[in-house]
Amino acid sequence: MKTFFLKLKQARLRTALAGLAGALVLLLVFYFSTDHQPPLTAEEQLLVGEWYDLPTEATRIFHADRTFETSGRQFAGTWQIKNGRLSVTYWQPYELPRSLSLASLSLSLDSMQRSREKNSYGWEIAFSDDGQHHSLNHPIEEHHPDGKWWWSRKKSQ
């Protein structure tokens, strides 16, 4: 009779430990799968949307979850604004092979390597009063004689 109760206690203990381990795993999955970013600041809310510097070139699309991409999907990344400074970390997204040819597989492998290379930049950012334009500080040169790189919000069609 003692062994029966001892085995019952051990089974309950194992069940309780398994339940605790399962609960811990579920809590960890929930923690790592939820977004822990603070809400967007007023300045960050101004940046959300699609922007261009020249009408004929690719646009940059800044999403509310602080991710961004270029219109042609050449680059993707993350962004944030702190103390009037836009910080961007970007990479080239991985491209699946389009066929089983050697050239396509080689390009896909190259894109896998490039997708792991991350680059970061930062600029001082200033928005126009109407929020439809912003400038990034840039070294003075022929295309930026005032040291500003001007961007305009793309109008929805």
# chains A, B, ... in the order shown; residues from 1 in each chain; ligands from 1
$ closest_atom_pairs --of "range 56-114 of chain A" --to "range 138-152 of chain A" --cutoff "12 Å" --atoms "only C-alpha atoms" --output "Markdown table"
| residue | atom | partner | partner_atom | distance |
| --- | --- | --- | --- | --- |
| A:Glu57 | CA | A:Trp151 | CA | 11.7 |
| A:Ala58 | CA | A:Trp151 | CA | 11.9 |
| A:Thr59 | CA | A:Trp151 | CA | 9.6 |
| A:Arg60 | CA | A:Trp151 | CA | 9.7 |
| A:Ile61 | CA | A:Ser152 | CA | 11.8 |
$ write_last_selection --atoms "C-alpha atoms" --output "CSV table (one decimal), in the first residue's frame"
chain,number,residue,atom,x,y,z
A,57,GLU,CA,13.8,57.0,-58.2
A,58,ALA,CA,12.8,54.4,-55.6
A,59,THR,CA,10.9,55.5,-52.6
A,60,ARG,CA,11.5,54.6,-48.9
A,61,ILE,CA,8.5,53.3,-47.0
$ residues_around --residues "range 35-50 of chain A" --least-positions-apart "2" --cutoff "12 Å" --atoms "only C-alpha atoms" --output "PyMOL selection string"
chain A and resi 29-33+52-53+55+58-71+79-87+125-135+151-156
$ residues_around --residues "Lys118 in chain A" --least-positions-apart "2" --cutoff "9 Å" --atoms "only C-alpha atoms" --output "VMD selection string"
chain A and resid 77 89 to 92 114 to 116 120
$ write_last_selection --atoms "N, CA and C atoms" --output "PDB file, in the first residue's frame"
ATOM      1  N   GLY A  77      14.872  47.127 -43.528  1.00  0.00           N
ATOM      2  CA  GLY A  77      15.583  47.409 -42.289  1.00  0.00           C
ATOM      3  C   GLY A  77      14.677  47.928 -41.195  1.00  0.00           C
ATOM      4  N   THR A  89      19.096  51.040 -39.785  1.00  0.00           N
ATOM      5  CA  THR A  89      19.900  49.838 -39.994  1.00  0.00           C
ATOM      6  C   THR A  89      19.232  49.082 -41.127  1.00  0.00           C
ATOM      7  N   TYR A  90      20.015  48.751 -42.162  1.00  0.00           N
ATOM      8  CA  TYR A  90      19.401  48.115 -43.331  1.00  0.00           C
ATOM      9  C   TYR A  90      20.236  46.960 -43.839  1.00  0.00           C
ATOM     10  N   TRP A  91      19.598  46.134 -44.653  1.00  0.00           N
ATOM     11  CA  TRP A  91      20.235  44.990 -45.299  1.00  0.00           C
ATOM     12  C   TRP A  91      19.484  44.707 -46.588  1.00  0.00           C
ATOM     13  N   GLN A  92      20.057  43.862 -47.425  1.00  0.00           N
ATOM     14  CA  GLN A  92      19.372  43.441 -48.645  1.00  0.00           C
ATOM     15  C   GLN A  92      18.613  42.159 -48.330  1.00  0.00           C
ATOM     16  N   ARG A 114      24.509  38.619 -48.562  1.00  0.00           N
ATOM     17  CA  ARG A 114      24.232  40.054 -48.440  1.00  0.00           C
ATOM     18  C   ARG A 114      23.165  40.331 -47.390  1.00  0.00           C
ATOM     19  N   SER A 115      22.216  39.416 -47.223  1.00  0.00           N
ATOM     20  CA  SER A 115      21.141  39.653 -46.257  1.00  0.00           C
ATOM     21  C   SER A 115      21.658  39.605 -44.823  1.00  0.00           C
ATOM     22  N   ARG A 116      22.806  39.037 -44.608  1.00  0.00           N
ATOM     23  CA  ARG A 116      23.394  38.990 -43.258  1.00  0.00           C
ATOM     24  C   ARG A 116      24.250  40.209 -42.957  1.00  0.00           C
ATOM     25  N   SER A 120      24.511  50.589 -40.929  1.00  0.00           N
ATOM     26  CA  SER A 120      23.772  51.579 -40.138  1.00  0.00           C
ATOM     27  C   SER A 120      24.191  52.986 -40.529  1.00  0.00           C
TER      28      SER A 120
END
$ select_by_dssp --residues "chain A" --states "strand (DSSP E or B)" --output "VMD selection string"
chain A and resid 49 to 52 60 to 62 67 to 70 76 to 82 85 to 91 119 to 127 133 to 137 148 to 153
$ select_by_dssp --residues "range 55-154 of chain A" --states "alpha helix (DSSP H)" --output "list of chain:residue names"
A:Leu102, A:Ala103, A:Ser104, A:Leu105, A:Ser106, A:Leu107, A:Ser108, A:Leu109, A:Asp110, A:Ser111, A:Met112, A:Gln113, A:Arg114, A:Ser115, A:Arg116
$ write_last_selection --atoms "N, CA, C and O atoms" --output "PDB file, in the first residue's frame"
ATOM      1  N   LEU A 102      22.076  26.996 -62.435  1.00  0.00           N
ATOM      2  CA  LEU A 102      23.259  27.307 -61.635  1.00  0.00           C
ATOM      3  C   LEU A 102      23.355  28.811 -61.358  1.00  0.00           C
ATOM      4  O   LEU A 102      23.671  29.223 -60.245  1.00  0.00           O
ATOM      5  N   ALA A 103      23.031  29.625 -62.357  1.00  0.00           N
ATOM      6  CA  ALA A 103      23.090  31.076 -62.188  1.00  0.00           C
ATOM      7  C   ALA A 103      22.088  31.554 -61.131  1.00  0.00           C
ATOM      8  O   ALA A 103      22.417  32.377 -60.275  1.00  0.00           O
ATOM      9  N   SER A 104      20.873  31.031 -61.179  1.00  0.00           N
ATOM     10  CA  SER A 104      19.841  31.425 -60.223  1.00  0.00           C
ATOM     11  C   SER A 104      20.202  30.995 -58.807  1.00  0.00           C
ATOM     12  O   SER A 104      20.024  31.749 -57.847  1.00  0.00           O
ATOM     13  N   LEU A 105      20.710  29.785 -58.670  1.00  0.00           N
ATOM     14  CA  LEU A 105      21.130  29.304 -57.345  1.00  0.00           C
ATOM     15  C   LEU A 105      22.296  30.124 -56.819  1.00  0.00           C
ATOM     16  O   LEU A 105      22.347  30.451 -55.629  1.00  0.00           O
ATOM     17  N   SER A 106      23.220  30.490 -57.695  1.00  0.00           N
ATOM     18  CA  SER A 106      24.362  31.306 -57.290  1.00  0.00           C
ATOM     19  C   SER A 106      23.903  32.685 -56.817  1.00  0.00           C
ATOM     20  O   SER A 106      24.370  33.197 -55.791  1.00  0.00           O
ATOM     21  N   LEU A 107      22.981  33.306 -57.565  1.00  0.00           N
ATOM     22  CA  LEU A 107      22.448  34.610 -57.154  1.00  0.00           C
ATOM     23  C   LEU A 107      21.733  34.519 -55.813  1.00  0.00           C
ATOM     24  O   LEU A 107      21.837  35.418 -54.979  1.00  0.00           O
ATOM     25  N   SER A 108      21.005  33.441 -55.589  1.00  0.00           N
ATOM     26  CA  SER A 108      20.303  33.253 -54.331  1.00  0.00           C
ATOM     27  C   SER A 108      21.295  33.104 -53.172  1.00  0.00           C
ATOM     28  O   SER A 108      21.094  33.674 -52.095  1.00  0.00           O
ATOM     29  N   LEU A 109      22.362  32.360 -53.394  1.00  0.00           N
ATOM     30  CA  LEU A 109      23.382  32.219 -52.348  1.00  0.00           C
ATOM     31  C   LEU A 109      24.062  33.551 -52.057  1.00  0.00           C
ATOM     32  O   LEU A 109      24.338  33.882 -50.903  1.00  0.00           O
ATOM     33  N   ASP A 110      24.328  34.328 -53.116  1.00  0.00           N
ATOM     34  CA  ASP A 110      24.906  35.655 -52.917  1.00  0.00           C
ATOM     35  C   ASP A 110      23.975  36.543 -52.106  1.00  0.00           C
ATOM     36  O   ASP A 110      24.407  37.280 -51.223  1.00  0.00           O
ATOM     37  N   SER A 111      22.671  36.467 -52.410  1.00  0.00           N
ATOM     38  CA  SER A 111      21.717  37.301 -51.672  1.00  0.00           C
ATOM     39  C   SER A 111      21.622  36.854 -50.212  1.00  0.00           C
ATOM     40  O   SER A 111      21.380  37.666 -49.330  1.00  0.00           O
ATOM     41  N   MET A 112      21.828  35.564 -49.947  1.00  0.00           N
ATOM     42  CA  MET A 112      21.822  35.096 -48.563  1.00  0.00           C
ATOM     43  C   MET A 112      22.977  35.730 -47.783  1.00  0.00           C
ATOM     44  O   MET A 112      22.807  36.180 -46.655  1.00  0.00           O
ATOM     45  N   GLN A 113      24.144  35.807 -48.416  1.00  0.00           N
ATOM     46  CA  GLN A 113      25.298  36.437 -47.774  1.00  0.00           C
ATOM     47  C   GLN A 113      25.037  37.931 -47.548  1.00  0.00           C
ATOM     48  O   GLN A 113      25.284  38.455 -46.483  1.00  0.00           O
ATOM     49  N   ARG A 114      24.509  38.619 -48.562  1.00  0.00           N
ATOM     50  CA  ARG A 114      24.232  40.054 -48.440  1.00  0.00           C
ATOM     51  C   ARG A 114      23.165  40.331 -47.390  1.00  0.00           C
ATOM     52  O   ARG A 114      23.193  41.363 -46.733  1.00  0.00           O
ATOM     53  N   SER A 115      22.216  39.416 -47.223  1.00  0.00           N
ATOM     54  CA  SER A 115      21.141  39.653 -46.257  1.00  0.00           C
ATOM     55  C   SER A 115      21.658  39.605 -44.823  1.00  0.00           C
ATOM     56  O   SER A 115      21.001  40.089 -43.910  1.00  0.00           O
ATOM     57  N   ARG A 116      22.806  39.037 -44.608  1.00  0.00           N
ATOM     58  CA  ARG A 116      23.394  38.990 -43.258  1.00  0.00           C
ATOM     59  C   ARG A 116      24.250  40.209 -42.957  1.00  0.00           C
ATOM     60  O   ARG A 116      24.600  40.446 -41.812  1.00  0.00           O
TER      61      ARG A 116
END
$ atom_distance --atom1 "CA of Ala76 in chain A" --atom2 "CA of Leu100 in chain A"
25.8 Å
